[in-house]
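Novice: Would you mind keeping the following structure in view while I ask a few things?
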Amino acid sequence: MDIVLKCPQCAAEVSLEEDASVFRCEYCESTLMPTGRNEVQSFFFPPKGTREQVGKALLKALAKKIGPVRIEKAYLVYAPYWRVKGLLFQHAFGRKYENTLYGGTSYDYFKKLRAVAYNRTFPAFAAKQWEVFSLGLRAEAMKMWPYNKEKMGKESLVLEENVPLEGAVKMALQTPYPAGSADREKIELLKTELIGERYSLVYFPFYCFSIIQGGKKSLLIVDGLSHKVVKGSLSLDELEKEPRRETVPYRPLHFIPFKCPNCGWDLPYRPKARVHLCRTCGRAWQEKAGHFQEVPYRVVLPGEGQRMESFTYLPFWRLTVTIMTPERKYRNLKDFYDLFPLPRVMDKEMLKERRIQFMVPAFRIRNAAAVDKFATQMARNQPEFEETETEEFREIRAADVWLPLGEAMEMANLLLYSMVPKRAKMIRKTVKEASLRLDEKALVWLPFLEKGIFLREANTDFAIQKNCLELD
Ligand SMILES: [Zn+2]
Ligand SMILES: [Zn+2]
């Protein structure tokens, strides 16, 4: 969905791609940063046709069907829907049953990771008796406008949103694992996370008519875009009495200059990035509550004698965590390997000195399973890196940071499940009860060398296929 807006510089009507974190005007070419994109924003769809036009058509249709009717009241009513967009990750553990030769059944354990684009709308108002539960696919092709009561029509009524954000999050996570080859599979443990998700409130137009026929009153609701009559109920009398909402729910869209707050130069135009790296002074920024905030980062250098420029740098959130379960706190690597044993022998005393760290990929992912495999390998092996703060970083090839820090913790939660072997019932049980506590965080860029179709991390030699991530 595109967002329609007026360019703050030249006032032309332009559109902003829903996923974009940077705006560039196609007319005057000014580049600006829309703020509040990380928070819930409100939009509306303008209706097609006026109340009078739609009412007239309705009367005509009704006259044919049930005889003459009279419209007593007519209102344009906006109903709020939650729109959730992100990547849905699901780890499923279970058993798969098979028939044996002699008429019995046997089973084997399985473990699967599913990652799909998640894109849904559901009512944010009391919609029990409404037919329109989702705006469905047609919403995808439409343009939406930032919430603006004046543009929505002074006379229009707005239904109250009474499903709070937490409710929306909960609903979004209630996605069942799709039944595959299917009835033979029994899912025993399912972990669902939405990553990189954005929530918005979208106000959808309905024309509501209170009609009178033969002294009897009834209500007709018409979809403001398709003009189809939909089932639903509401009381226009009550809605009329309530004071009209004039305050904008949630944050409106504002713009700030897309310039580095430190050196004043333009930041590179990377509309998909969530952290913007200044290529002039080398500082990194992210927008929060209408301002740029500096994001400190560190860089892992390739081995001695190697030139920084020959590497591609990929960003990771390095999270130092404690794995908490009702029985135990797993804090250092000795604890960690008690939970996820490694076949090789390691110095226990040394492991006690080191904390558990997850390197969560922050770049844009194209193949979730492959990236998960790579990240799991990192998590299992807990490599140590030598990091520095460097100013040279502006010169080199670095992938965009797509995953904000808040989402990195959700990724870490998934990684915990990625590390569980499919037959390890005890580990599975522990992980199911576990939660992660974030103790420290840092943005770290790791050097990768291109070798054929692979990118190999310079210090560990762990490899990932180039086409599994989006560079540019
Ligand atoms: Zn412009
Ligand atoms: Zn700068």
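How things are named: the first chain in the structure tokens is A, the next is B, and so on; residues count from 1 in each chain; ligands count from 1 in the order shown.
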Kindly compile the residues surrounding ligand 2 within 12 Å, counting only C-alpha atoms and all ligand atoms, and format them as a PyMOL selection string.

Specialist: chain A and resi 258-268+276-285+292+294+391+393-394

Novice: Next, write the just-selected residues to a file, as a CSV table (one decimal), in the first residue's frame, keeping C-alpha atoms as the atom set.

Specialist:
chain,number,residue,atom,x,y,z
A,258,PHE,CA,17.6,13.6,6.0
A,259,LYS,CA,21.0,15.0,7.0
A,260,CYS,CA,23.6,13.7,9.3
A,261,PRO,CA,23.2,15.6,12.6
A,262,ASN,CA,26.9,15.4,13.2
A,263,CYS,CA,28.4,16.7,9.9
A,264,GLY,CA,25.4,18.1,8.1
A,265,TRP,CA,25.9,16.1,4.9
A,266,ASP,CA,23.1,14.2,3.2
A,267,LEU,CA,22.7,10.7,4.4
A,268,PRO,CA,22.7,8.1,1.7
A,276,HIS,CA,21.4,5.2,8.4
A,277,LEU,CA,25.2,5.3,8.1
A,278,CYS,CA,26.7,8.6,7.2
A,279,ARG,CA,29.3,8.1,4.5
A,280,THR,CA,31.0,11.4,5.3
A,281,CYS,CA,31.7,11.1,9.0
A,282,GLY,CA,31.0,7.5,9.6
A,283,ARG,CA,28.3,7.9,12.3
A,284,ALA,CA,25.1,5.8,12.3
A,285,TRP,CA,21.6,7.1,13.1
A,292,PHE,CA,17.9,11.2,15.0
A,294,GLU,CA,23.1,8.0,17.3
A,391,GLU,CA,36.5,6.0,11.3
A,393,PHE,CA,34.2,2.6,8.0
A,394,ARG,CA,32.6,5.2,5.7

Novice: Out of range 103-204 of chain A, which residues get strand (DSSP E or B) from DSSP, as a ChimeraX atom specification?

Specialist: /A:105-123,143-146,157-158,185-204

Novice: For the selection just defined, write its residues with C-alpha atoms to a file, as a short mmCIF file (atom, residue, chain, number, x, y, z; two decimals), in the first residue's frame.

Specialist:
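Below you can see out.cif, which holds the result:
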data_model
loop_
_atom_site.label_atom_id
_atom_site.label_comp_id
_atom_site.auth_asym_id
_atom_site.auth_seq_id
_atom_site.Cartn_x
_atom_site.Cartn_y
_atom_site.Cartn_z
CA THR A 105 2.14 -47.07 12.62
CA SER A 106 5.52 -45.66 13.48
CA TYR A 107 6.66 -42.10 13.95
CA ASP A 108 9.68 -39.90 13.70
CA TYR A 109 10.32 -36.47 15.14
CA PHE A 110 10.45 -33.42 12.92
CA LYS A 111 11.46 -29.80 13.21
CA LYS A 112 10.55 -27.15 10.68
CA LEU A 113 11.04 -23.45 10.24
CA ARG A 114 8.57 -21.48 8.20
CA ALA A 115 9.03 -17.84 7.26
CA VAL A 116 6.41 -16.00 5.24
CA ALA A 117 5.39 -12.45 4.54
CA TYR A 118 2.62 -11.52 6.94
CA ASN A 119 0.09 -9.00 5.81
CA ARG A 120 -3.28 -8.79 7.46
CA THR A 121 -6.05 -6.49 8.55
CA PHE A 122 -8.64 -7.13 11.21
CA PRO A 123 -11.27 -4.99 12.92
CA LYS A 143 -3.67 4.21 -1.65
CA MET A 144 -4.15 5.39 1.89
CA TRP A 145 -3.97 8.86 3.36
CA PRO A 146 -2.61 9.97 6.72
CA LEU A 157 -18.49 9.78 12.20
CA VAL A 158 -15.58 7.74 13.45
CA GLU A 185 1.82 -34.69 11.48
CA LYS A 186 1.23 -33.80 15.07
CA ILE A 187 2.66 -30.50 16.24
CA GLU A 188 3.86 -30.60 19.81
CA LEU A 189 5.55 -27.24 20.11
CA LEU A 190 5.04 -24.10 18.08
CA LYS A 191 6.95 -20.86 18.45
CA THR A 192 5.67 -17.90 16.47
CA GLU A 193 7.31 -14.49 16.14
CA LEU A 194 6.54 -11.56 13.90
CA ILE A 195 9.72 -9.80 12.84
CA GLY A 196 10.14 -6.29 11.48
CA GLU A 197 6.43 -5.74 11.87
CA ARG A 198 4.58 -2.49 11.53
CA TYR A 199 1.17 -1.83 12.99
CA SER A 200 -1.12 0.82 11.61
CA LEU A 201 -4.70 1.82 12.15
CA VAL A 202 -6.56 2.10 8.90
CA TYR A 203 -9.95 3.80 8.82
CA PHE A 204 -12.25 2.29 6.24
#

Novice: Name the residues of range 213-360 of chain A that fall into alpha helix (DSSP H) according to DSSP on the backbone, using the chain letters and numbers of this document, as a list in words.

Specialist: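 DSSP on the backbone gives alpha helix (DSSP H) at Leu236, Asp237, Glu238, Leu239, Glu240, Lys241, Leu333, Lys334, Asp335, Phe336, Tyr337, Asp338, Leu339, Lys348, Glu349, Met350, Leu351, Lys352 and Glu353 of chain A.
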
Novice: Looking at A:Arg354, A:Arg328, A:Arg397, A:Lys48, which one is nearest to Met308 in chain A, with distances taken over only C-alpha atoms?

Specialist: A:Arg397

Novice: Hey, can you check how far CA of Met324 in chain A sits from CA of Arg423 in chain A?

Specialist: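 Computing the Euclidean distance for CA of Met324 in chain A and CA of Arg423 in chain A yields 22.2 Å.
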
Novice: Please indicate the distance in Å from CA of Tyr78 in chain A to CA of Gly224 in chain A, rounded to one decimal place.

Specialist: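 Answer for the CA of Tyr78 in chain A to CA of Gly224 in chain A separation: 9.2 Å.
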
Novice: Could you please extract the residues within 9 Å of ligand 1, counting only C-alpha atoms and all ligand atoms, and hand them back as a compact mmCIF listing (two decimals) with N, CA and C atoms, in the first residue's frame?

Specialist:
# COMPACT_ATOMS: atom_id res chain seq x y z
N LYS A 6 1.24 15.16 0.71
CA LYS A 6 1.72 16.36 0.03
C LYS A 6 3.19 16.52 0.34
N CYS A 7 4.00 16.71 -0.68
CA CYS A 7 5.42 16.91 -0.45
C CYS A 7 5.61 18.14 0.43
N PRO A 8 6.31 18.01 1.56
CA PRO A 8 6.48 19.15 2.46
C PRO A 8 7.29 20.28 1.82
N GLN A 9 8.02 19.99 0.75
CA GLN A 9 8.82 21.02 0.09
C GLN A 9 8.07 21.73 -1.03
N CYS A 10 7.48 20.94 -1.94
CA CYS A 10 6.88 21.56 -3.13
C CYS A 10 5.36 21.41 -3.18
N ALA A 11 4.78 20.75 -2.21
CA ALA A 11 3.33 20.61 -2.07
C ALA A 11 2.67 19.76 -3.17
N ALA A 12 3.46 19.09 -3.98
CA ALA A 12 2.88 18.19 -4.98
C ALA A 12 2.31 16.96 -4.27
N GLU A 13 1.27 16.36 -4.87
CA GLU A 13 0.73 15.13 -4.30
C GLU A 13 1.62 13.97 -4.72
N VAL A 14 2.20 13.34 -3.73
CA VAL A 14 3.17 12.27 -4.01
C VAL A 14 2.81 11.04 -3.18
N ARG A 24 11.56 10.36 -0.96
CA ARG A 24 12.14 11.24 -1.97
C ARG A 24 11.05 11.69 -2.91
N CYS A 25 10.94 13.01 -3.06
CA CYS A 25 9.87 13.55 -3.90
C CYS A 25 10.23 13.37 -5.37
N GLU A 26 9.29 12.84 -6.12
CA GLU A 26 9.56 12.58 -7.54
C GLU A 26 9.55 13.87 -8.36
N TYR A 27 9.03 14.95 -7.78
CA TYR A 27 8.98 16.23 -8.52
C TYR A 27 10.16 17.11 -8.19
N CYS A 28 10.37 17.39 -6.88
CA CYS A 28 11.42 18.35 -6.53
C CYS A 28 12.68 17.66 -6.02
N GLU A 29 12.63 16.31 -5.92
CA GLU A 29 13.79 15.52 -5.53
C GLU A 29 14.29 15.77 -4.13
N SER A 30 13.54 16.49 -3.31
CA SER A 30 14.02 16.65 -1.95
C SER A 30 13.86 15.31 -1.21
N THR A 31 14.80 15.05 -0.34
CA THR A 31 14.82 13.79 0.40
C THR A 31 14.60 14.09 1.87

Novice: Kindly indicate which residue among A:Asn413, A:Ser435, A:Gln357, A:Gln465 lies nearest to Thr325 in chain A, using only C-alpha atoms for the distances.

Specialist: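 Using only C-alpha atoms, the shortest distance to Thr325 in chain A belongs to A:Ser435.
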
Novice: Using only C-alpha atoms, find the one residue out of A:Val54, A:Met419, A:Ala362, A:Ile66 that sits nearest to Asn381 in chain A.

Specialist: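 Selected residue with least distance to Asn381 in chain A: A:Met419.
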
Novice: Sorted by chain and rising residue number, which residues of range 3-77 of chain A lie within 9 Å of range 230-241 of chain A, and what are their closest atom pairs and distances in Å to one decimal, counting only C-alpha atoms, as a tab-separated table?

Specialist:
residue	atom	partner	partner_atom	distance
A:Lys73	CA	A:Leu236	CA	8.3
A:Ala74	CA	A:Leu236	CA	8.9
A:Tyr75	CA	A:Leu236	CA	8.1

Novice: With N, CA and C atoms retained, export the selected residues as a PDB file, in the first residue's frame.

Specialist:
ATOM      1  N   LYS A  73     -31.766   9.140   7.898  1.00  0.00           N
ATOM      2  CA  LYS A  73     -30.452   9.702   8.206  1.00  0.00           C
ATOM      3  C   LYS A  73     -29.408   9.027   7.329  1.00  0.00           C
ATOM      4  N   ALA A  74     -28.374   9.771   7.011  1.00  0.00           N
ATOM      5  CA  ALA A  74     -27.284   9.170   6.238  1.00  0.00           C
ATOM      6  C   ALA A  74     -25.962   9.701   6.780  1.00  0.00           C
ATOM      7  N   TYR A  75     -25.029   8.781   6.987  1.00  0.00           N
ATOM      8  CA  TYR A  75     -23.729   9.190   7.508  1.00  0.00           C
ATOM      9  C   TYR A  75     -22.602   8.451   6.815  1.00  0.00           C
TER      10      TYR A  75
END

Novice: Do a neighbour search on range 314-317 of chain A at 7 Å with only C-alpha atoms, toss out local chain neighbours closer than 3 positions, and write the hits as a short mmCIF file (atom, residue, chain, number, x, y, z; two decimals) with C-alpha atoms, in the first residue's frame.

Specialist:
data_model
loop_
_atom_site.label_atom_id
_atom_site.label_comp_id
_atom_site.auth_asym_id
_atom_site.auth_seq_id
_atom_site.Cartn_x
_atom_site.Cartn_y
_atom_site.Cartn_z
CA MET A 359 24.76 -12.56 16.95
CA VAL A 360 21.45 -11.72 15.35
CA PRO A 361 21.59 -10.92 11.63
CA ALA A 362 20.39 -7.35 11.07
CA PHE A 363 20.60 -7.33 7.27
CA ALA A 398 28.48 -2.30 4.24
CA ALA A 399 25.01 -3.83 4.09
CA VAL A 401 20.67 -2.44 8.89
CA ALA A 408 16.53 -8.43 17.40
CA LYS A 441 23.55 -4.87 23.22
CA ALA A 442 25.76 -3.62 20.41
CA LEU A 443 25.63 -3.19 16.68
CA VAL A 444 28.60 -5.02 15.15
CA TRP A 445 29.71 -5.27 11.55
CA LEU A 446 31.50 -8.48 10.59
CA PRO A 447 33.81 -8.81 7.56
#

Novice: One number please: CA of Lys85 in chain A to CA of Ile221 in chain A, in Å, one decimal.

Specialist: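 Taking CA of Lys85 in chain A and CA of Ile221 in chain A, their separation equals 28.0 Å.
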